[in-house]
>>> print(open('model.csv').read())   # CSV, C-alpha atoms
chain,number,residue,atom,x,y,z
T,1,MET,CA,-6.2,61.6,120.3
T,2,SER,CA,-4.5,62.9,117.1
T,3,ILE,CA,-1.5,62.2,115.0
T,4,PHE,CA,0.2,65.2,116.6
T,5,THR,CA,-0.3,63.9,120.1
T,6,LYS,CA,0.7,60.4,119.2
T,7,ALA,CA,4.1,61.6,117.7
T,8,SER,CA,7.1,62.2,119.8
T,9,ASN,CA,8.3,65.7,120.2
T,10,ALA,CA,11.2,65.2,117.8
T,11,THR,CA,9.0,63.5,115.2
T,12,TYR,CA,6.4,66.4,115.5
T,13,TRP,CA,9.1,69.0,114.7
T,14,LYS,CA,10.7,67.0,111.9
T,15,GLY,CA,7.3,66.6,110.3
T,16,PHE,CA,6.6,70.3,110.6
T,17,ASP,CA,9.9,71.0,108.9
T,18,TYR,CA,9.0,68.6,106.1
T,19,PHE,CA,5.6,70.3,105.7
T,20,GLU,CA,7.2,73.8,105.7
T,21,ASN,CA,9.8,72.8,103.1
T,22,ASN,CA,7.1,71.5,100.7
T,23,HIS,CA,8.0,67.8,101.0
T,24,VAL,CA,4.3,66.8,100.8
T,25,PHE,CA,2.8,66.4,97.3
T,26,ASP,CA,0.1,64.6,95.5
T,27,LEU,CA,-2.3,65.1,98.5
T,28,LYS,CA,-5.7,63.4,98.0
T,29,LYS,CA,-8.8,63.2,100.1
T,30,ILE,CA,-9.8,59.5,100.3
T,31,ASP,CA,-12.7,59.7,102.8
T,32,GLU,CA,-14.0,62.3,105.2
T,33,ASN,CA,-11.1,61.9,107.6
T,34,VAL,CA,-8.6,59.9,105.4
T,35,TYR,CA,-6.0,61.4,103.2
T,36,SER,CA,-3.1,60.0,101.1
T,37,ALA,CA,0.0,61.8,99.9
T,38,LYS,CA,3.5,61.3,98.9
T,39,VAL,CA,6.3,62.7,101.0
T,40,ARG,CA,9.8,63.4,99.7
T,41,GLY,CA,12.5,62.3,102.2
T,42,THR,CA,15.5,60.1,101.7
T,43,TYR,CA,13.1,58.4,99.2
T,44,ILE,CA,9.5,59.1,98.2
T,45,TYR,CA,7.2,57.6,100.7
T,46,ASP,CA,3.5,56.7,100.3
T,47,VAL,CA,1.5,58.0,103.3
T,48,THR,CA,-2.1,57.5,104.3
T,49,ILE,CA,-3.4,59.2,107.4
T,50,ASP,CA,-6.7,58.7,109.3
T,51,LEU,CA,-7.4,61.7,111.4
T,52,LEU,CA,-10.0,59.9,113.5
T,53,HIS,CA,-8.0,56.8,114.0
T,54,PRO,CA,-4.3,57.7,113.9
T,55,LEU,CA,-3.1,54.2,114.6
T,56,LYS,CA,-4.7,53.1,111.2
T,57,SER,CA,-2.3,55.6,109.5
T,58,THR,CA,0.4,54.1,107.3
T,59,CYS,CA,3.7,55.0,105.7
T,60,THR,CA,6.1,53.1,103.6
T,61,CYS,CA,9.2,54.4,105.5
T,62,PRO,CA,11.3,51.9,107.6
T,63,PHE,CA,10.5,53.7,110.8
T,64,VAL,CA,6.9,52.6,110.7
T,65,GLU,CA,7.5,49.1,109.4
T,66,GLY,CA,6.0,46.5,111.7
T,67,ASN,CA,4.7,48.9,114.4
T,68,HIS,CA,2.1,51.6,115.0
T,69,LYS,CA,4.4,54.6,115.5
T,70,MET,CA,3.8,58.0,114.0
T,71,CYS,CA,6.5,59.1,111.7
T,72,LYS,CA,7.6,62.5,110.5
T,73,HIS,CA,6.0,61.8,107.1
T,74,MET,CA,2.5,61.2,108.7
T,75,VAL,CA,2.9,64.4,110.7
T,76,ALA,CA,3.9,66.4,107.6
T,77,VAL,CA,0.7,65.2,105.8
T,78,ALA,CA,-1.4,66.0,108.8
T,79,PHE,CA,0.0,69.6,108.7
T,80,ALA,CA,-0.8,69.7,105.0
T,81,VAL,CA,-4.4,68.7,105.7
T,82,CYS,CA,-5.0,71.1,108.7
>>> encode(input="model.csv", output="C-alpha cells")
Amino acid sequence: MSIFTKASNATYWKGFDYFENNHVFDLKKIDENVYSAKVRGTYIYDVTIDLLHPLKSTCTCPFVEGNHKMCKHMVAVAFAVC
C-alpha cells in the first residue's frame, strides 16, 4: 500500500497539482524510505512521508490533525520523491 493508493482521488490530483506547480521545497532524505519537506499551500506545512508505512506519514495541515488521512501535501512530496 502506498501514499498514492491511501489518498482519495481528489487528494491525489490536488497533490499532483501542488507538485507540478513547485510547491514542494527543502526536500531531505531522512532514512532509506523516509523524506521530509516543506509544502507551500495556504501556509507552509512541514511534511514527513514514510514510503513503506504511509500511515506513519505526518503533515502539520489541519486536514491531517488527529487522524491518519493522506493529504495533498503528503502526495505532493511523494511525487517529488518518485
>>> residues_around(input="model.csv", residues="T:Val47", least_positions_apart="3", cutoff="6 Å", atoms="all atoms listed in the file", output="number ranges by chain")
T: 36-38, 58-59
>>> atom_distance(input="model.csv", atom1="atom CA of T:Ser2", atom2="atom CA of T:Asn21")
22.3 Å
>>> closest_residue(input="model.csv", among="T:Phe79, T:Phe63, T:Tyr35, T:Tyr45", to="T:Tyr12", atoms="all atoms listed in the file")
T:Phe79
>>> residues_near_point(input="model.csv", point="(-14.8, 59.5, 104.2)", cutoff="12 Å", atoms="all atoms listed in the file", output="list of chain:residue names")
T:Lys28, T:Lys29, T:Ile30, T:Asp31, T:Glu32, T:Asn33, T:Val34, T:Tyr35, T:Ile49, T:Asp50, T:Leu51, T:Leu52
>>> residues_around(input="model.csv", residues="T:Glu20", least_positions_apart="5", cutoff="10 Å", atoms="only C-alpha atoms", output="JSON, numbers by chain")
{"T": [14, 15, 76, 79, 80]}
>>> residues_around(input="model.csv", residues="stretch 66-71 of chain T", least_positions_apart="2", cutoff="7 Å", atoms="only C-alpha atoms", output="list in words")
Ile3, Lys6, Ala7, Thr11, Leu55, Phe63, Val64, His73, Met74 and Val75 of chain T
